[in-house]
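J.: Please find one structure pasted underneath; my questions will follow.
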Amino acid sequence: MENLHDPVFLSRLQFAVTAMFHILWPLTTVGLSIILVVFEGLWLKTGDVDYYRHARFWAKLFLLNFSVGVISGLPLEFEFGTNWSRFAMVTGEFFGNILGYEGAMAFMLEAGFLGIMLFGWMRVPPVIHFLATCMVAIGASLSVFWILVANSWMQTPAGIHLENNRVVVDSYFEAIFNKNMPWGVLHMWFACLATSFFVIGGLSAWYILRRKNTIFFLKSFKFALMGAIFVVPIQISLGHGSGREVFANQPAKGAAIEAHWATNQTDQGADWHPLAWPNPMEQKMIGLSLSRTV
């Protein structure tokens, strides 16, 4: 109960809850924007009206995710200043600029063409509408890039030096393309695709089980299944590479992710904790542990 009076704990708790809720929506927004480009492109190429209907239907889900994502994301922006004011003051020259790039470059591009994509059907030429859909998808993917640049820089900062307790950027190129950035951006982008395929597949399966518009949703289910089969192995590979990068550059963080308090002995593999709860007082894990050797 003492933690309830600790401002650091409360700040972490508020930020964690906000972030966990918020991330659910941009994931599907980014992935759906790519899928809408595919559906609309296939409609323009083949003339199959089913692709047109899918583009119109799943665009409604995109709008829902976009709206909730924006509303839930705004508090996160403010919480950097309210919860972590010292961090914001020290790192503002780079961290604040990157968040600004995401808003001015990515979000504004996405929002600027969103109205045409949603309400421009039969009001603008099909090619112009397809261009608007592509711009929305590019804007959504740029959001992934800039947000993950900011996050990756916090993990492996580069291209800066401290001067009078403030971050001064020496090289924006080095700061942006830090060691963690390629893994972070790619892992998140493919996570967006994988999540969207599972969401579309799950919703389609639900309609099929209820025998509603079976033919329509069987097509989207097959599309989502094929997409997941292609994307998931890539995501697993990227996750493995991202994990290796963490252990190479942040060994303490890697140990914490795998729930280890101490370094294992030479030639002895670390225990695997499939189900465990941390005991900070004794600095050990309580639960199911399996020994393994290297």
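Ligands are numbered from 1 in the order shown, residues from 1 within each chain, and chains are lettered A, B, ... in the order they appear in the structure tokens.
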Just the helix (DSSP H, G or I) stuff from region 46-291 of chain A, please, per backbone DSSP, written as a ChimeraX atom specification.

T.: /A:46,49-82,85-119,126-155,172-176,181-209,214-249,251-257

J.: Which polymer residues have any atom within 12 Å of an atom of Thr28 (chain A), counting only C-alpha atoms, with same-chain residues fewer than 6 positions away left out, as an MDAnalysis selection string?

T.: chainID A and resid 22 34:36 58:59 61:69 137 140:141 144 188:200

J.: I need the residues from that last selection saved to file as an mmCIF file, in the first residue's frame (with N, CA and C atoms), if you can.

T.:
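Below is the file selection_29.cif, written as the result:
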data_model
loop_
_atom_site.group_PDB
_atom_site.id
_atom_site.type_symbol
_atom_site.label_atom_id
_atom_site.label_comp_id
_atom_site.auth_asym_id
_atom_site.auth_seq_id
_atom_site.Cartn_x
_atom_site.Cartn_y
_atom_site.Cartn_z
ATOM 1 N N HIS A 22 -3.720 2.415 -25.321
ATOM 2 C CA HIS A 22 -3.530 3.134 -26.577
ATOM 3 C C HIS A 22 -2.973 2.238 -27.686
ATOM 4 N N ILE A 34 -2.726 -0.619 -44.707
ATOM 5 C CA ILE A 34 -2.044 -1.379 -45.757
ATOM 6 C C ILE A 34 -3.015 -2.324 -46.443
ATOM 7 N N ILE A 35 -3.868 -2.985 -45.662
ATOM 8 C CA ILE A 35 -4.830 -3.939 -46.215
ATOM 9 C C ILE A 35 -5.848 -3.226 -47.098
ATOM 10 N N LEU A 36 -6.267 -2.023 -46.701
ATOM 11 C CA LEU A 36 -7.203 -1.257 -47.534
ATOM 12 C C LEU A 36 -6.576 -0.887 -48.867
ATOM 13 N N TRP A 58 -14.222 -2.658 -44.376
ATOM 14 C CA TRP A 58 -13.141 -2.625 -43.394
ATOM 15 C C TRP A 58 -12.653 -1.206 -43.137
ATOM 16 N N ALA A 59 -13.006 -0.267 -44.016
ATOM 17 C CA ALA A 59 -12.673 1.132 -43.757
ATOM 18 C C ALA A 59 -13.421 1.655 -42.530
ATOM 19 N N LEU A 61 -14.009 -0.109 -39.799
ATOM 20 C CA LEU A 61 -13.205 -0.535 -38.654
ATOM 21 C C LEU A 61 -11.961 0.337 -38.525
ATOM 22 N N PHE A 62 -11.387 0.715 -39.669
ATOM 23 C CA PHE A 62 -10.231 1.604 -39.650
ATOM 24 C C PHE A 62 -10.580 2.929 -38.977
ATOM 25 N N LEU A 63 -11.734 3.495 -39.317
ATOM 26 C CA LEU A 63 -12.143 4.773 -38.732
ATOM 27 C C LEU A 63 -12.306 4.660 -37.224
ATOM 28 N N LEU A 64 -12.885 3.556 -36.755
ATOM 29 C CA LEU A 64 -13.049 3.352 -35.317
ATOM 30 C C LEU A 64 -11.692 3.309 -34.620
ATOM 31 N N ASN A 65 -10.762 2.519 -35.176
ATOM 32 C CA ASN A 65 -9.439 2.401 -34.571
ATOM 33 C C ASN A 65 -8.683 3.717 -34.624
ATOM 34 N N PHE A 66 -8.785 4.430 -35.733
ATOM 35 C CA PHE A 66 -8.105 5.718 -35.867
ATOM 36 C C PHE A 66 -8.613 6.705 -34.823
ATOM 37 N N SER A 67 -9.925 6.763 -34.640
ATOM 38 C CA SER A 67 -10.517 7.729 -33.711
ATOM 39 C C SER A 67 -10.094 7.448 -32.280
ATOM 40 N N VAL A 68 -10.224 6.184 -31.844
ATOM 41 C CA VAL A 68 -9.863 5.841 -30.467
ATOM 42 C C VAL A 68 -8.355 5.971 -30.270
ATOM 43 N N GLY A 69 -7.571 5.640 -31.313
ATOM 44 C CA GLY A 69 -6.120 5.768 -31.211
ATOM 45 C C GLY A 69 -5.679 7.204 -30.995
ATOM 46 N N ALA A 137 -2.079 5.334 -45.717
ATOM 47 C CA ALA A 137 -1.240 4.201 -45.319
ATOM 48 C C ALA A 137 0.202 4.643 -45.081
ATOM 49 N N ALA A 140 0.332 6.510 -41.792
ATOM 50 C CA ALA A 140 0.255 5.601 -40.648
ATOM 51 C C ALA A 140 1.592 4.901 -40.415
ATOM 52 N N SER A 141 2.236 4.475 -41.501
ATOM 53 C CA SER A 141 3.527 3.799 -41.368
ATOM 54 C C SER A 141 4.621 4.768 -40.912
ATOM 55 N N VAL A 144 4.613 4.932 -37.218
ATOM 56 C CA VAL A 144 5.384 3.834 -36.637
ATOM 57 C C VAL A 144 6.863 4.187 -36.633
ATOM 58 N N MET A 188 7.737 -3.596 -34.935
ATOM 59 C CA MET A 188 6.442 -2.981 -34.688
ATOM 60 C C MET A 188 5.593 -2.943 -35.957
ATOM 61 N N TRP A 189 6.205 -2.647 -37.107
ATOM 62 C CA TRP A 189 5.433 -2.555 -38.352
ATOM 63 C C TRP A 189 4.822 -3.904 -38.710
ATOM 64 N N PHE A 190 5.601 -4.958 -38.576
ATOM 65 C CA PHE A 190 5.058 -6.288 -38.868
ATOM 66 C C PHE A 190 4.071 -6.728 -37.789
ATOM 67 N N ALA A 191 4.236 -6.231 -36.558
ATOM 68 C CA ALA A 191 3.245 -6.505 -35.513
ATOM 69 C C ALA A 191 1.897 -5.893 -35.886
ATOM 70 N N CYS A 192 1.936 -4.707 -36.489
ATOM 71 C CA CYS A 192 0.699 -4.062 -36.946
ATOM 72 C C CYS A 192 0.002 -4.912 -38.003
ATOM 73 N N LEU A 193 0.781 -5.409 -38.961
ATOM 74 C CA LEU A 193 0.201 -6.258 -40.005
ATOM 75 C C LEU A 193 -0.371 -7.538 -39.405
ATOM 76 N N ALA A 194 0.410 -8.212 -38.557
ATOM 77 C CA ALA A 194 -0.038 -9.473 -37.974
ATOM 78 C C ALA A 194 -1.315 -9.272 -37.152
ATOM 79 N N THR A 195 -1.345 -8.213 -36.343
ATOM 80 C CA THR A 195 -2.531 -7.938 -35.531
ATOM 81 C C THR A 195 -3.759 -7.721 -36.403
ATOM 82 N N SER A 196 -3.593 -6.956 -37.471
ATOM 83 C CA SER A 196 -4.725 -6.658 -38.352
ATOM 84 C C SER A 196 -5.235 -7.906 -39.051
ATOM 85 N N PHE A 197 -4.339 -8.773 -39.483
ATOM 86 C CA PHE A 197 -4.773 -10.021 -40.118
ATOM 87 C C PHE A 197 -5.576 -10.878 -39.133
ATOM 88 N N PHE A 198 -5.120 -10.926 -37.878
ATOM 89 C CA PHE A 198 -5.850 -11.725 -36.889
ATOM 90 C C PHE A 198 -7.193 -11.091 -36.535
ATOM 91 N N VAL A 199 -7.241 -9.760 -36.500
ATOM 92 C CA VAL A 199 -8.509 -9.086 -36.218
ATOM 93 C C VAL A 199 -9.507 -9.346 -37.346
ATOM 94 N N ILE A 200 -9.075 -9.165 -38.587
ATOM 95 C CA ILE A 200 -9.964 -9.416 -39.723
ATOM 96 C C ILE A 200 -10.369 -10.886 -39.766
#

J.: What's around Val149 (chain A) at 10 Å? Count only C-alpha atoms, leave out sequence neighbours fewer than 5 positions away in its own chain, and write the answer as a ChimeraX atom specification.

T.: /A:95,98-99,102,143-144,154-155,175-178,180-182,184-185

J.: Mind listing the strand (DSSP E or B) residues of region 47-279 of chain A, per DSSP on the backbone, as a PyMOL selection string?

T.: chain A and resi 160-163+166-169+272-279

J.: Could you check which of A:Met89, A:Leu4, A:Val49, A:Leu186 is closest to Gln235 (chain A), using only C-alpha atoms?

T.: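 Selected residue with least distance to Gln235 (chain A): A:Leu186.
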
J.: What lies within 12 Å of Gly100 (chain A) using only C-alpha atoms, ignoring chain neighbours under 6 positions off, as a list in words?

T.: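 Once the adjacent positions are removed, what remains is Glu77, Gly92, Glu93, Phe94, Ala106, Phe107, Met108, Ser143, Trp146, Ile147 and Ala150 of chain A.
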
J.: I need the residue nearest Lys222 (chain A) from this list: A:Ser204, A:Gln250, A:Gln265, A:Ser237. Use only C-alpha atoms for the distance.

T.: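 Distance minimum relative to Lys222 (chain A) lands on A:Ser204.
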
J.: Could you check which of A:Ser152, A:Phe216, A:Gly201, A:Phe78 is closest to Val246 (chain A), using only C-alpha atoms?

T.: A:Ser152

J.: I'd like to know which of A:Thr91, A:Thr263, A:Tyr51, A:Gly139 is closest to Phe217 (chain A), using only C-alpha atoms.

T.: A:Tyr51

J.: So, counting only C-alpha atoms, which residue among A:Ala16, A:Val90, A:Ile23, A:Ala55 is closest to Ile71 (chain A)?

T.: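 The shortest atom-to-atom distance to Ile71 (chain A) comes from A:Ile23.
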
J.: How many Å separate CA of Ser242 (chain A) from CA of Ala259 (chain A)?

T.: 17.2 Å

J.: Which residue, A:Gly239, A:Gly31, A:Gly103, A:Gly202, has the smallest gap to Val70 (chain A) when you use only C-alpha atoms?

T.: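 So, comparing all the options, the nearest one is A:Gly103.
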
J.: What's around Phe113 (chain A) at 10 Å? Count only C-alpha atoms, leave out sequence neighbours fewer than 6 positions away in its own chain, and write the answer as a PDB file with N, CA and C atoms, in the first residue's frame.

T.:
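Resulting contents of selection25.pdb:
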ATOM      1  N   GLY A 120     -14.901  10.040 -50.018  1.00  0.00           N
ATOM      2  CA  GLY A 120     -14.713  10.431 -51.408  1.00  0.00           C
ATOM      3  C   GLY A 120     -15.161   9.411 -52.429  1.00  0.00           C
ATOM      4  N   HIS A 129      -8.938   8.564 -55.453  1.00  0.00           N
ATOM      5  CA  HIS A 129      -9.316   7.940 -54.190  1.00  0.00           C
ATOM      6  C   HIS A 129      -8.258   6.930 -53.754  1.00  0.00           C
ATOM      7  N   LEU A 131      -5.116   7.051 -54.492  1.00  0.00           N
ATOM      8  CA  LEU A 131      -3.980   7.850 -54.044  1.00  0.00           C
ATOM      9  C   LEU A 131      -4.182   8.300 -52.602  1.00  0.00           C
ATOM     10  N   ALA A 132      -5.399   8.725 -52.263  1.00  0.00           N
ATOM     11  CA  ALA A 132      -5.689   9.154 -50.898  1.00  0.00           C
ATOM     12  C   ALA A 132      -5.507   7.994 -49.916  1.00  0.00           C
ATOM     13  N   THR A 133      -5.961   6.800 -50.297  1.00  0.00           N
ATOM     14  CA  THR A 133      -5.800   5.624 -49.442  1.00  0.00           C
ATOM     15  C   THR A 133      -4.320   5.322 -49.237  1.00  0.00           C
ATOM     16  N   CYS A 134      -3.537   5.446 -50.301  1.00  0.00           N
ATOM     17  CA  CYS A 134      -2.091   5.210 -50.191  1.00  0.00           C
ATOM     18  C   CYS A 134      -1.437   6.234 -49.276  1.00  0.00           C
ATOM     19  N   MET A 135      -1.858   7.494 -49.364  1.00  0.00           N
ATOM     20  CA  MET A 135      -1.285   8.533 -48.509  1.00  0.00           C
ATOM     21  C   MET A 135      -1.615   8.281 -47.043  1.00  0.00           C
ATOM     22  N   VAL A 136      -2.831   7.813 -46.775  1.00  0.00           N
ATOM     23  CA  VAL A 136      -3.201   7.473 -45.401  1.00  0.00           C
ATOM     24  C   VAL A 136      -2.316   6.341 -44.882  1.00  0.00           C
ATOM     25  N   ALA A 137      -2.079   5.334 -45.717  1.00  0.00           N
ATOM     26  CA  ALA A 137      -1.240   4.201 -45.319  1.00  0.00           C
ATOM     27  C   ALA A 137       0.202   4.643 -45.081  1.00  0.00           C
ATOM     28  N   GLY A 139       1.176   7.666 -44.229  1.00  0.00           N
ATOM     29  CA  GLY A 139       1.179   8.451 -43.000  1.00  0.00           C
ATOM     30  C   GLY A 139       1.145   7.575 -41.763  1.00  0.00           C
TER      31      GLY A 139
END
